[in-house]
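The next block is query-v8.txt, given as compact mmCIF, C-alpha atoms.
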```txt
# COMPACT_ATOMS: atom_id res chain seq x y z
CA MET A 15 -3.95 129.52 -17.83
CA PRO A 16 -1.34 127.94 -20.07
CA TRP A 17 -2.27 124.78 -21.88
CA ARG A 18 -0.51 121.58 -20.73
CA ARG A 19 -0.24 118.34 -22.61
CA ARG A 20 -1.57 115.37 -20.75
CA PRO A 21 1.14 112.67 -20.24
CA ARG A 22 0.76 109.72 -22.57
CA GLN A 23 -0.15 106.47 -20.87
CA ALA A 24 1.70 103.26 -21.71
CA ILE A 25 -0.26 100.98 -23.96
CA TRP A 26 0.21 97.23 -23.39
CA ARG A 27 -0.41 95.02 -26.33
CA ARG A 28 -0.21 91.31 -26.79
CA SER A 29 2.20 90.15 -29.45
CA ARG A 30 0.78 88.57 -32.54
CA TYR A 31 3.82 86.34 -32.93
CA ARG A 32 4.27 84.50 -29.63
CA PRO A 33 1.39 83.83 -27.31
CA GLY A 34 2.05 85.06 -23.82
CA HIS A 35 4.70 87.60 -24.94
CA VAL A 36 4.30 91.30 -24.17
CA ASP A 37 5.66 93.97 -26.50
CA ASN A 38 6.96 95.97 -23.57
CA PRO A 39 10.57 94.72 -23.02
CA ALA A 40 10.52 95.82 -19.41
CA ALA A 41 7.85 93.34 -18.53
CA ARG A 42 8.84 89.91 -17.25
CA VAL A 43 6.92 87.05 -18.67
CA LYS A 44 7.40 83.47 -17.45
CA PHE A 45 6.84 80.58 -19.78
CA GLY A 46 5.88 77.43 -17.85
CA ARG A 47 6.30 73.84 -19.05
CA PRO A 48 3.16 71.99 -19.97
CA PRO A 49 2.00 69.54 -17.29
CA ARG A 50 3.43 66.02 -17.53
CA PRO A 51 0.91 63.52 -18.80
CA PRO A 52 -0.14 60.92 -16.23
CA GLU A 53 1.79 57.66 -16.28
CA PRO A 54 -0.14 54.75 -17.78
CA ARG A 55 -1.41 52.23 -15.27
CA SER A 56 0.41 49.39 -16.99
CA MET A 57 3.82 51.09 -16.62
CA ARG A 58 3.07 52.09 -13.05
CA GLY A 59 2.08 48.54 -12.15
CA ALA A 60 5.20 47.09 -13.75
CA ARG A 61 7.42 49.48 -11.84
CA GLU A 62 5.68 48.70 -8.54
CA ASN A 63 6.05 44.97 -9.18
CA ALA A 64 9.77 45.37 -9.90
CA MET A 65 10.23 47.33 -6.69
CA ALA A 66 8.36 44.67 -4.71
CA ILE A 67 10.50 41.89 -6.20
CA ALA A 68 13.70 43.78 -5.38
CA GLU A 69 12.52 44.30 -1.81
CA GLN A 70 11.71 40.61 -1.42
CA GLN A 71 15.14 39.67 -2.74
CA THR A 72 16.79 42.04 -0.28
CA GLN A 73 14.82 40.59 2.60
CA GLY A 74 15.56 37.06 1.43
CA SER A 75 19.29 37.74 1.31
CA SER A 76 19.21 39.10 4.86
CA ASP A 77 17.31 36.02 6.10
CA ARG A 78 19.83 33.49 4.72
CA SER A 79 21.41 31.05 7.14
CA TRP A 80 25.13 30.56 7.58
CA HIS A 81 25.10 27.06 6.07
CA SER A 82 23.25 28.19 2.93
CA ILE A 83 25.81 30.96 2.45
CA VAL A 84 28.68 28.48 2.75
CA LEU A 85 27.03 26.12 0.27
CA GLN A 86 26.44 28.82 -2.34
CA THR A 87 29.97 30.17 -1.90
CA LEU A 88 31.46 26.73 -2.46
CA LYS A 89 29.36 26.22 -5.56
CA ARG A 90 30.21 29.64 -6.96
CA ASN A 91 33.92 28.84 -6.64
CA ASP A 92 33.54 25.36 -8.20
CA VAL A 93 34.48 23.54 -4.98
CA SER A 94 32.55 20.31 -5.46
CA LEU A 95 34.37 17.61 -3.44
CA ILE A 96 33.49 17.76 0.26
CA PRO A 97 34.78 15.00 2.55
CA TYR A 98 34.01 15.52 6.23
CA VAL A 99 34.08 14.06 9.69
CA PRO A 100 30.55 14.16 11.18
CA ASP A 101 29.85 17.03 13.54
CA ARG A 102 26.64 18.17 15.17
CA VAL A 103 27.19 21.88 14.53
CA LEU A 104 27.94 21.26 10.85
CA THR A 105 24.96 18.93 10.37
CA PRO A 106 22.71 21.48 8.55
CA LEU A 107 25.49 22.20 6.07
CA ILE A 108 26.30 18.51 5.59
CA LYS A 109 22.66 17.62 4.92
CA ASN A 110 22.31 20.37 2.32
CA LEU A 111 25.53 19.30 0.62
CA HIS A 112 24.27 15.71 0.37
CA ALA A 113 20.99 16.95 -1.10
CA ASP A 114 22.70 19.02 -3.81
CA PRO A 115 23.81 16.93 -6.84
CA PHE A 116 26.55 19.45 -7.61
CA PHE A 117 28.60 18.17 -4.67
CA THR A 118 30.30 14.86 -4.00
CA THR A 119 29.96 14.61 -0.24
CA PHE A 120 30.92 11.70 2.01
CA ALA A 121 32.16 11.00 5.52
CA THR A 122 35.68 9.87 6.34
CA ALA A 123 37.07 8.07 9.37
CA ARG A 124 39.64 10.75 10.22
CA GLU A 125 40.49 14.30 9.23
CA GLU A 126 43.87 13.26 7.80
CA GLU A 127 42.06 10.96 5.37
CA ALA A 128 39.88 13.84 4.18
CA VAL A 129 42.94 16.05 3.66
CA GLY A 130 44.62 13.32 1.61
CA ILE A 131 41.52 12.92 -0.58
CA VAL A 132 41.26 16.65 -1.28
CA SER A 133 45.00 16.84 -2.00
CA GLY A 134 44.78 14.04 -4.54
CA ALA A 135 41.71 15.61 -6.12
CA TRP A 136 43.55 18.91 -6.58
CA MET A 137 46.39 17.13 -8.37
CA GLY A 138 43.74 15.61 -10.63
CA GLY A 139 42.17 18.99 -11.40
CA ARG A 140 39.29 19.11 -8.92
CA ARG A 141 38.73 21.49 -6.03
CA GLY A 142 37.67 20.31 -2.60
CA ALA A 143 37.10 21.39 0.99
CA VAL A 144 37.18 19.57 4.32
CA LEU A 145 34.64 19.97 7.12
CA MET A 146 35.77 19.24 10.66
CA GLN A 147 35.56 20.18 14.31
CA THR A 148 38.18 21.89 16.47
CA SER A 149 39.28 18.65 18.09
CA GLY A 150 39.69 17.07 14.66
CA PHE A 151 42.00 19.83 13.56
CA ALA A 152 44.32 18.93 16.43
CA THR A 153 45.32 15.79 14.52
CA LEU A 154 46.31 17.62 11.32
CA ALA A 155 49.67 19.20 12.17
CA ASN A 156 51.70 16.43 10.53
CA VAL A 157 49.66 16.10 7.32
CA LEU A 158 49.57 19.86 6.86
CA ALA A 159 53.31 20.27 7.39
CA SER A 160 54.29 17.27 5.25
CA LEU A 161 51.69 17.39 2.45
CA ALA A 162 49.42 20.40 2.07
CA VAL A 163 51.98 23.14 2.74
CA PRO A 164 55.11 21.88 0.91
CA TYR A 165 53.14 20.64 -2.10
CA GLN A 166 51.11 23.85 -2.31
CA ILE A 167 47.66 22.31 -2.02
CA PRO A 168 44.87 24.93 -1.78
CA LEU A 169 43.21 23.00 1.02
CA ILE A 170 40.04 24.73 2.23
CA MET A 171 39.12 23.85 5.80
CA PHE A 172 35.86 24.75 7.50
CA VAL A 173 36.27 24.23 11.23
CA SER A 174 33.36 24.44 13.66
CA GLU A 175 34.87 25.94 16.78
CA ARG A 176 34.41 24.17 20.09
CA GLY A 177 35.99 24.92 23.46
CA THR A 178 34.54 28.39 23.96
CA LEU A 179 31.29 30.27 24.66
CA GLY A 180 29.39 27.67 26.64
CA GLU A 181 31.66 24.67 26.11
CA PHE A 182 30.95 21.81 28.53
CA ASN A 183 33.88 19.54 27.61
CA TYR A 184 37.12 20.60 29.27
CA GLY A 185 39.15 18.63 26.73
CA GLN A 186 37.62 20.66 23.91
CA SER A 187 38.55 23.92 25.62
CA LEU A 188 42.18 22.76 25.90
CA VAL A 189 42.38 21.65 22.27
CA CYS A 190 40.83 24.92 21.11
CA ARG A 191 43.79 26.85 22.50
CA THR A 192 46.23 24.96 20.28
CA MET A 193 44.46 25.51 16.95
CA ARG A 194 45.50 29.08 16.13
CA PRO A 195 49.10 28.69 17.34
CA VAL A 196 49.47 25.65 15.04
CA LEU A 197 48.07 27.62 12.10
CA ASP A 198 50.39 30.52 12.84
CA SER A 199 53.44 28.27 13.20
CA LEU A 200 52.74 26.83 9.74
CA ALA A 201 52.14 30.34 8.35
CA LEU A 202 48.65 29.36 7.20
CA GLU A 203 45.96 31.89 6.44
CA HIS A 204 43.04 31.61 8.87
CA HIS A 205 39.97 33.67 9.72
CA THR A 206 37.55 33.40 12.62
CA ILE A 207 34.06 34.26 11.40
CA THR A 208 31.59 35.56 13.97
CA ARG A 209 29.14 37.63 11.89
CA LEU A 210 26.67 36.44 9.29
CA ASP A 211 27.03 39.60 7.20
CA GLU A 212 30.79 39.00 6.88
CA LEU A 213 30.65 35.27 6.15
CA GLU A 214 30.12 35.39 2.39
CA PHE A 215 32.83 37.97 1.75
CA ILE A 216 35.44 36.25 3.92
CA ALA A 217 34.68 32.75 2.60
CA ASP A 218 34.60 33.81 -1.04
CA ARG A 219 37.82 35.83 -0.90
CA SER A 220 39.62 33.17 1.15
CA ILE A 221 38.78 30.45 -1.37
CA LYS A 222 39.93 32.62 -4.25
CA GLN A 223 43.18 33.44 -2.46
CA ALA A 224 43.83 29.79 -1.62
CA VAL A 225 43.43 28.74 -5.25
CA THR A 226 45.45 31.65 -6.62
CA THR A 227 48.36 31.34 -4.18
CA GLN A 228 48.06 27.54 -3.87
CA ALA A 229 48.11 27.62 -0.10
CA PRO A 230 45.77 26.13 2.53
CA VAL A 231 43.27 28.28 4.39
CA ALA A 232 41.23 27.64 7.54
CA LEU A 233 37.85 29.25 8.11
CA ILE A 234 36.91 28.94 11.78
CA LEU A 235 33.15 29.10 12.33
CA ASN A 236 32.68 30.65 15.76
CA PRO A 237 29.65 29.84 17.98
CA LEU A 238 28.56 33.46 17.56
CA LEU A 239 27.87 32.49 13.94
CA THR A 240 26.64 28.90 14.20
CA GLY A 241 25.15 28.83 17.70
CA GLY A 242 27.70 26.25 18.81
CA LYS A 243 27.00 23.25 20.97
CA VAL A 244 25.80 23.67 24.54
CA PHE A 245 25.14 21.02 27.17
CA GLU A 246 22.14 21.77 29.36
CA LYS A 247 21.32 19.78 32.48
```

Take the structure I supplied and represent it as structure tokens, if you would.
Amino acid sequence: MPWRRRPRQAIWRRSRYRPGHVDNPAARVKFGRPPRPPEPRSMRGARENAMAIAEQQTQGSSDRSWHSIVLQTLKRNDVSLIPYVPDRVLTPLIKNLHADPFFTTFATAREEEAVGIVSGAWMGGRRGAVLMQTSGFATLANVLASLAVPYQIPLIMFVSERGTLGEFNYGQSLVCRTMRPVLDSLALEHHTITRLDELEFIADRSIKQAVTTQAPVALILNPLLTGGKVFEK
């Protein structure tokens, strides 16, 4: 019987140079990353506290009322002079304006008087806004056409809308129908705000545009935003 050489078996050896490496190039060796050390409790607690604060701020911003948003927007745009004609719907805003020392807030007998005060303040270098009701706006056509528009006064008007959505006074509903046509005939910028999440953006941009273009603007606060005024028997 002829002699046969036994086949040589492959010998696997560990490398002396790199731990975990095999001399055989055909072998696949995976090098894993060392495990990440645990995060210190102090850092973990600080991060959790920061996340909790951010969440509270987010919730707080979503819980803001319409009148607090208007107040902060006025302050952010340096609108500090606020004459007004008393109105029940605007009462929360008026009370907060009186309580804030940043604002000079006072009542006037008529809306035309408030417009004249804000116009004079603008000529003296101070910004102002007027608070009124829908029926009060009905008296402003002359003063807007003869003063605010031709003399380029950035008059900011916040108008609480009456005459719709549960209105009990028929006269208010009639006057409400004239407000937007008057604004359109004078080519005045106006926005009807119905949503709380849109209030800050619309008010802030409208004030900036009024000051930049030196033109009046009317922000109509719809009952969907403020709750309006309803008579219940």

> Neighbours of range 239-241 of chain A within 6 Å (all atoms listed in the file; same-chain residues fewer than 2 positions away dropped), as a VMD selection string?
Replying inline: chain A and resid 208 to 209 236 to 237

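In this model, the gap between CA of Leu154 in chain A and CA of Ser133 in chain A comes to 13.4 Å.
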
> Separation of CA of Val157 in chain A and CA of Glu126 in chain A, in Å?
Replying inline: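 Answer for the CA of Val157 in chain A to CA of Glu126 in chain A separation: 6.5 Å.
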
With 8 Å added on each side, what axis-aligned box encloses every listed atom of range 222-232 of chain A? Give the centre and edge lengths in Å to one decimal, as JSON.
```
{"center_x": 44.1, "center_y": 29.8, "center_z": 0.5, "size_x": 24.4, "size_y": 23.3, "size_z": 30.2}
```

> Which of these, A:His81, A:Arg176, A:Lys109, A:Arg90, has the shortest distance to Gly242 in chain A once you count only C-alpha atoms?
Replying inline: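 Closest candidate: A:Arg176.
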
> With only C-alpha atoms as the basis for distance, which of A:Arg78, A:Arg194, A:Lys89, A:Arg102 is at the shortest distance from Thr118 in chain A?
Replying inline: A:Lys89

> A:Ala155, A:Leu145, A:Ile108, A:Pro97: which is nearest Gly130 in chain A, counting all atoms listed in the file?
Replying inline: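 For Gly130 in chain A, the nearest of the given residues is A:Pro97.
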
> Which is closest to Ser174 in chain A among A:Thr192, A:Ser199, A:Gln86, A:Thr206, if we use only C-alpha atoms?
Replying inline: A:Thr206

>> For range 214-228 of chain A, find every residue with an atom within 7 Å (counting all atoms listed in the file), except residues of its own chain fewer than 5 positions away, and show them as a PyMOL selection string.
In response: chain A and resi 83+87+166-168+170

Serialized selection, C-alpha atoms, as an mmCIF file, keeping the file's coordinate frame:
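Output below, filename result_5.cif:
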```cif
data_model
loop_
_atom_site.group_PDB
_atom_site.id
_atom_site.type_symbol
_atom_site.label_atom_id
_atom_site.label_comp_id
_atom_site.auth_asym_id
_atom_site.auth_seq_id
_atom_site.Cartn_x
_atom_site.Cartn_y
_atom_site.Cartn_z
ATOM 1 C CA ILE A 83 25.810 30.960 2.450
ATOM 2 C CA THR A 87 29.970 30.170 -1.900
ATOM 3 C CA GLN A 166 51.110 23.850 -2.310
ATOM 4 C CA ILE A 167 47.660 22.310 -2.020
ATOM 5 C CA PRO A 168 44.870 24.930 -1.780
ATOM 6 C CA ILE A 170 40.040 24.730 2.230
#
```

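Proximity to Val129 in chain A was assessed for A:Asn91, A:Ser187, A:Thr153, A:Thr178 counting all atoms listed in the file; the smallest distance is recorded for A:Thr153.
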
>> Report, in Å with one decimal, the straight-line distance from CA of Tyr98 in chain A to CA of Phe151 in chain A.
In response: 11.7 Å
